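**Student:** Below are the structure tokens for one structure; questions will follow.
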Amino acid sequence: MIDLRLLREDPDRVRASQRARGEDVALVDALLSADERRRSSGVRFDELRAEQKSLGKLIGKATGDEKAELLKRAEQLKADVKAADAERDAADAETQELLLKLSNLVHPDVPVGSEEDFVTLETHGTIRDFAAEGFEPKDHLELGQLLGAIDVERGAKVSGSRFYFLTGVGAMLELALVNAAMAQATAAGFTPMLTPALVRPQSMAGTGFLGQAAQDVYHLDKDDLYLVGTSEVALAAYHMDEILDADKLPLRYAGFSPCFRREAGSHGKDTRGIFRVHQFDKVEMFSYVKPEESQEEHRRLLEWEKQWLTSLELPFRVIDVASGDLGSSAARKYDCEAWIPTQGKYRELTSTSDCTEFQSRRLQIRMREDKKVRPLATLNGTLCAVPRTIVAILENHQQPDGSVRVPEVLRPYLGGREILEPVAK
């Protein structure tokens with residue numbers, strides 16, 4: 001959530017942020033009104049309580065009619081205090097409810113607009129000219145079937161649409177990717193983490209995934225637990241309700257977990273293969289830093305993502321995501337999009353978001369510095385979302401006979417194998 005003091009001091013900035021996101025600007029005024037009622041009712045309660053305490057002292061000294069009058073006033077005060085307390089609690093509850101609906105403030109340098117209004121910052125690698133090489137590229141599903149690596153038919157039989165099996169070299173390729181990604185993250189100073197895939201509501205809400213993203217979240221009603229769509233949720237909630245020593249920051253974690261997404265708004269999109277699925281594995285980077293260092297950390301996370309995709313020898317671009325396409329917790333987000341030959345376009349493989357103090361305020365995570373306690377900043381960045389990375393590797397490194405060249409960085413994790421060979425022609 002945002003700082004209420006900032007809202008009071010500069011409501012126009014918050015309105016502009018909501019407008020840039022394409023979200024409800026009227027929420028700002030409703031929140032200002034609720035906050036004013038909360039503060040005024042709090043003052044009213046404090047005044048009545050003070051009068052109540054003073055009256056108690058007078059009653060002890062009074063006698064006769066004076067005492068009777070004071071006792072009568074005490075009864076009225078008791079009722080007034082109870083009413084003021086209820087009013088304060090109601091106003092506070094409304095303020096918190098509205099505050100949780102308000103998205104993070106958009107960074108001023110973020111391009112304003114919808115999904116297609118991103119700005120391309122960099123391009124890396126060379127897009128292969130398959131026509132010049134004399135063959136038509138196969139898509140990842142055809143390649144996966146030739147290699148005995150992907151089985152979507154049995155995935156659908158067992159679990160339904162958008163589920164799959166990785167088999168043979170497909171399973172080995174996933175393990176190679178995860179181990180190589182974890183090795184890079186560990187070398188960069190991240191602490192490896194295996195995180196829970198089920199979390200409590202306060203963990204999911206605290207990271208901002210029960211707002212605009214709620215339609216894509218799986219909920220287990222019987223247990224009141226949520227299946228995470230990213231280990232970001234568990235990594236953010238790891239230090240929930242804690243005060244961290246500023247001298248120990250930054251804290252950096254690399255989480256591996258299964259991820260579950262309903263993909264409720266993606267009917268008809270990417271239905272072929274394993275690009276958009278309900279369950280996948282991912283290595284996620286997560287950082288806790290001082291708020292004034294979050295932008296620098298954001299650039300570091302992006303550099304680690306670029307290092308990873310470069311090591312996989314993939315052509316990709318980096319985009320500055322437009323305001324209307326930001327998640328509710330992100331002040332700014334960069335995506336790395338890899339070239340997918342059979343689609344003829346770049347598609348998102350990784351993203352990194354600067355969430356500033358938004359998540360830490362919701363999760364009550366603070367830092368102690370010079371005897372002062374204040375919120376810290378959190379950031380996240382995908383290092384390897386496995387299925388999409390497999391898609392990009394198969395399509396970009398394929399050979400005319402349906403074999404696939406293994407990027408050098410993965411070979412040590414595949415027993416030195418340089419080529420994935422078809423098992424069926």
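Going by the structure tokens order, chains are called A, B, ..., each with residues numbered from 1, while ligands are numbered from 1 in the order shown.
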Within 9 Å of range 184-188 of chain A, counting only C-alpha atoms, which residues show up once you throw out same-chain ones fewer than 2 positions away? Write them as a list of chain:residue names, please.
**Tutor:**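 Counting only the stated atoms, we get A:Asn179, A:Ala180, A:Ala181, A:Met182, A:Phe190, A:Thr191, A:Pro192, A:Tyr253, A:Ala254, A:Met285, A:Trp304, A:Gln307, A:Trp308, A:Leu383.
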**Student:** Write a file of the just-selected residues containing N, CA, C and O atoms, as a PDB file, in the first residue's frame.
**Tutor:**
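Final output, result-v1.pdb:
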```pdb
ATOM      1  N   ASN A 179      18.956 -25.873 -12.660  1.00  0.00           N
ATOM      2  CA  ASN A 179      20.263 -25.936 -12.009  1.00  0.00           C
ATOM      3  C   ASN A 179      21.205 -24.853 -12.519  1.00  0.00           C
ATOM      4  O   ASN A 179      21.950 -24.248 -11.736  1.00  0.00           O
ATOM      5  N   ALA A 180      21.172 -24.571 -13.810  1.00  0.00           N
ATOM      6  CA  ALA A 180      22.024 -23.522 -14.360  1.00  0.00           C
ATOM      7  C   ALA A 180      21.591 -22.155 -13.857  1.00  0.00           C
ATOM      8  O   ALA A 180      22.432 -21.296 -13.531  1.00  0.00           O
ATOM      9  N   ALA A 181      20.286 -21.936 -13.787  1.00  0.00           N
ATOM     10  CA  ALA A 181      19.775 -20.653 -13.285  1.00  0.00           C
ATOM     11  C   ALA A 181      20.139 -20.467 -11.822  1.00  0.00           C
ATOM     12  O   ALA A 181      20.574 -19.385 -11.400  1.00  0.00           O
ATOM     13  N   MET A 182      19.977 -21.519 -11.022  1.00  0.00           N
ATOM     14  CA  MET A 182      20.336 -21.436  -9.610  1.00  0.00           C
ATOM     15  C   MET A 182      21.837 -21.214  -9.427  1.00  0.00           C
ATOM     16  O   MET A 182      22.274 -20.496  -8.525  1.00  0.00           O
ATOM     17  N   PHE A 190      22.797 -14.630  -4.369  1.00  0.00           N
ATOM     18  CA  PHE A 190      21.446 -14.957  -3.918  1.00  0.00           C
ATOM     19  C   PHE A 190      21.473 -16.223  -3.055  1.00  0.00           C
ATOM     20  O   PHE A 190      22.245 -17.140  -3.306  1.00  0.00           O
ATOM     21  N   THR A 191      20.605 -16.250  -2.059  1.00  0.00           N
ATOM     22  CA  THR A 191      20.431 -17.445  -1.244  1.00  0.00           C
ATOM     23  C   THR A 191      19.382 -18.342  -1.895  1.00  0.00           C
ATOM     24  O   THR A 191      18.231 -17.914  -2.079  1.00  0.00           O
ATOM     25  N   PRO A 192      19.723 -19.573  -2.272  1.00  0.00           N
ATOM     26  CA  PRO A 192      18.737 -20.456  -2.903  1.00  0.00           C
ATOM     27  C   PRO A 192      17.624 -20.816  -1.910  1.00  0.00           C
ATOM     28  O   PRO A 192      17.888 -21.051  -0.733  1.00  0.00           O
ATOM     29  N   TYR A 253      17.164 -13.401  -2.433  1.00  0.00           N
ATOM     30  CA  TYR A 253      16.781 -14.808  -2.433  1.00  0.00           C
ATOM     31  C   TYR A 253      16.451 -15.253  -3.856  1.00  0.00           C
ATOM     32  O   TYR A 253      15.862 -14.493  -4.638  1.00  0.00           O
ATOM     33  N   ALA A 254      16.810 -16.487  -4.172  1.00  0.00           N
ATOM     34  CA  ALA A 254      16.425 -17.093  -5.452  1.00  0.00           C
ATOM     35  C   ALA A 254      15.516 -18.273  -5.134  1.00  0.00           C
ATOM     36  O   ALA A 254      15.972 -19.286  -4.594  1.00  0.00           O
ATOM     37  N   MET A 285      14.023 -14.364  -8.683  1.00  0.00           N
ATOM     38  CA  MET A 285      14.895 -13.561  -7.830  1.00  0.00           C
ATOM     39  C   MET A 285      14.048 -12.594  -7.009  1.00  0.00           C
ATOM     40  O   MET A 285      13.057 -12.057  -7.508  1.00  0.00           O
ATOM     41  N   TRP A 304      21.022  -9.193 -14.462  1.00  0.00           N
ATOM     42  CA  TRP A 304      21.116 -10.636 -14.235  1.00  0.00           C
ATOM     43  C   TRP A 304      20.210 -11.392 -15.197  1.00  0.00           C
ATOM     44  O   TRP A 304      20.571 -12.488 -15.670  1.00  0.00           O
ATOM     45  N   GLN A 307      21.971 -11.348 -18.545  1.00  0.00           N
ATOM     46  CA  GLN A 307      23.095 -12.291 -18.503  1.00  0.00           C
ATOM     47  C   GLN A 307      22.601 -13.711 -18.751  1.00  0.00           C
ATOM     48  O   GLN A 307      23.216 -14.485 -19.507  1.00  0.00           O
ATOM     49  N   TRP A 308      21.477 -14.045 -18.134  1.00  0.00           N
ATOM     50  CA  TRP A 308      20.907 -15.389 -18.280  1.00  0.00           C
ATOM     51  C   TRP A 308      20.483 -15.656 -19.717  1.00  0.00           C
ATOM     52  O   TRP A 308      20.848 -16.686 -20.308  1.00  0.00           O
ATOM     53  N   LEU A 383      14.038 -15.233 -13.242  1.00  0.00           N
ATOM     54  CA  LEU A 383      15.285 -15.653 -13.865  1.00  0.00           C
ATOM     55  C   LEU A 383      14.998 -16.700 -14.941  1.00  0.00           C
ATOM     56  O   LEU A 383      15.463 -16.583 -16.068  1.00  0.00           O
TER      57      LEU A 383
END
```
**Student:** When you look at Thr195 in chain A with a cut-off of 7 Å (counting only C-alpha atoms), what residues show up, excluding the ones that are within fewer than 6 positions of it in the same chain? I need them as a list in words.
**Tutor:**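 Surrounding residues, per the criterion: Ser231, Ala234, Gly255, Phe256 and Ser257 of chain A.
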**Student:** How many Å lie between CA of Gly22 in chain A and CA of Val233 in chain A, rounded to one decimal?
**Tutor:**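 We find that CA of Gly22 in chain A and CA of Val233 in chain A lie 24.8 Å from each other.
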**Student:** DSSP on the backbone, alpha helix (DSSP H) only: what residues of range 173-254 of chain A does that give? Format it as a ChimeraX atom specification.
**Tutor:** /A:173-187,201-206,232-237
**Student:** Which is closest to Glu94 in chain A among A:Arg38, A:Met172, A:Arg5, A:Arg49, if we use only C-alpha atoms?
**Tutor:**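 Distance minimum relative to Glu94 in chain A lands on A:Arg38.
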**Student:** Find the residue from A:Leu198, A:Val28, A:Leu420, A:Leu4 that sits nearest to Arg361 in chain A; use only C-alpha atoms when measuring.
**Tutor:**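 Of A:Leu198, A:Val28, A:Leu420, A:Leu4, the one nearest Arg361 in chain A is A:Leu4, counting only C-alpha atoms.
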**Student:** Of the residues A:Arg366, A:Val423, A:Thr342, A:Ala83, which is the one nearest to Pro137 in chain A, using only C-alpha atoms?
**Tutor:**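 Selected residue with least distance to Pro137 in chain A: A:Thr342.
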**Student:** With only C-alpha atoms as the counted atoms, please give the residues lying no more than 7 Å from Ser103 in chain A, apart from itself and same-chain residues fewer than 2 positions off, as a PyMOL selection string.
**Tutor:** chain A and resi 101+105+328-329
**Student:** Please measure the separation of CA of Met367 in chain A and CA of Asp241 in chain A, giving the value in Å to one decimal.
**Tutor:** 10.9 Å
**Student:** At a cut-off of 7 Å, using only C-alpha atoms, what residues contact Gly381 in chain A? Leave out same-chain residues fewer than 4 positions from it and give the result as a PyMOL selection string.
**Tutor:** chain A and resi 284-286+301+351-353
**Student:** With distances taken over only C-alpha atoms, which of A:Leu249, A:Val169, A:Val43, A:Leu309 is nearest to Val81 in chain A?
**Tutor:** A:Val43
**Student:** Could you work out how far CA of Val289 in chain A lies from CA of Leu376 in chain A, giving the answer in Å with one decimal?
**Tutor:**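 Separation of CA of Leu376 in chain A and CA of Val289 in chain A: 6.1 Å.
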**Student:** So which residues of range 149-330 of chain A fall under strand (DSSP E or B) by DSSP, listed as a VMD selection string?
**Tutor:** chain A and resid 150 to 151 165 to 166 191 to 194 198 to 199 218 to 220 225 to 227 243 to 245 251 to 260 279 to 289 316 to 320
**Student:** Excluding range 266-281 of chain A and any residue of its chain fewer than 6 positions from it, enumerate the residues within 7 Å of it, using only C-alpha atoms, and give them as a list in words.
**Tutor:**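 In the requested form, the answer reads Leu141, Val152, Arg162, Phe163, Ser257, Pro258, Cys259, Phe260, Ala385, Val386, Pro387, Arg388 and Val391 of chain A.
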**Student:** Which residues come within 7 Å of Leu251 in chain A, counting only C-alpha atoms, excluding same-chain residues fewer than 3 positions away, as a list of chain:residue names?
**Tutor:** A:Lys248, A:Ser287, A:Tyr288, A:Val289
**Student:** For the residues in the current selection, export N, CA, C and O atoms as an mmCIF file, in the first residue's frame.
**Tutor:**
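Everything below was put into result20.cif:
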```
data_model
loop_
_atom_site.group_PDB
_atom_site.id
_atom_site.type_symbol
_atom_site.label_atom_id
_atom_site.label_comp_id
_atom_site.auth_asym_id
_atom_site.auth_seq_id
_atom_site.Cartn_x
_atom_site.Cartn_y
_atom_site.Cartn_z
ATOM 1 N N LYS A 248 22.138 -5.354 7.260
ATOM 2 C CA LYS A 248 22.146 -6.657 6.601
ATOM 3 C C LYS A 248 21.539 -6.614 5.205
ATOM 4 O O LYS A 248 21.505 -7.636 4.507
ATOM 5 N N SER A 287 14.494 -9.369 -3.907
ATOM 6 C CA SER A 287 15.418 -8.525 -3.140
ATOM 7 C C SER A 287 14.685 -7.666 -2.124
ATOM 8 O O SER A 287 13.599 -7.145 -2.408
ATOM 9 N N TYR A 288 15.302 -7.538 -0.947
ATOM 10 C CA TYR A 288 14.894 -6.560 0.065
ATOM 11 C C TYR A 288 16.004 -5.518 0.148
ATOM 12 O O TYR A 288 17.163 -5.873 0.420
ATOM 13 N N VAL A 289 15.672 -4.248 -0.078
ATOM 14 C CA VAL A 289 16.691 -3.194 -0.070
ATOM 15 C C VAL A 289 16.154 -1.945 0.615
ATOM 16 O O VAL A 289 14.945 -1.813 0.859
#
```
**Student:** Write out as a PDB file with N, CA and C atoms, in the first residue's frame the residues lying within 7 Å of Glu115 in chain A, counting only C-alpha atoms and excluding same-chain residues fewer than 4 positions away.
**Tutor:**
```
ATOM      1  N   ALA A 322       4.486  -0.328 -20.216  1.00  0.00           N
ATOM      2  CA  ALA A 322       3.628   0.855 -20.089  1.00  0.00           C
ATOM      3  C   ALA A 322       2.784   0.787 -18.816  1.00  0.00           C
ATOM      4  N   GLY A 324      -0.331   1.103 -18.093  1.00  0.00           N
ATOM      5  CA  GLY A 324      -1.574   0.337 -18.055  1.00  0.00           C
ATOM      6  C   GLY A 324      -1.374  -1.156 -18.024  1.00  0.00           C
ATOM      7  N   ASP A 325      -0.115  -1.601 -18.154  1.00  0.00           N
ATOM      8  CA  ASP A 325       0.184  -3.027 -18.174  1.00  0.00           C
ATOM      9  C   ASP A 325       0.993  -3.454 -16.947  1.00  0.00           C
TER      10      ASP A 325
END
```
**Student:** Would you please work out which residue, of A:Ala197, A:Leu326, A:Ala237, A:Ile127, is nearest to Ala338 in chain A when using only C-alpha atoms?
**Tutor:**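 The closest residue to Ala338 in chain A is A:Ile127.
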**Student:** Let me make sure I understand: among A:Ile319, A:Ala377, A:Leu6, A:Ala20, which one has the smallest atom-to-atom distance to Val112 in chain A if we use only C-alpha atoms?
**Tutor:**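 Of the candidates, the smallest distance to Val112 in chain A is held by A:Ala20.
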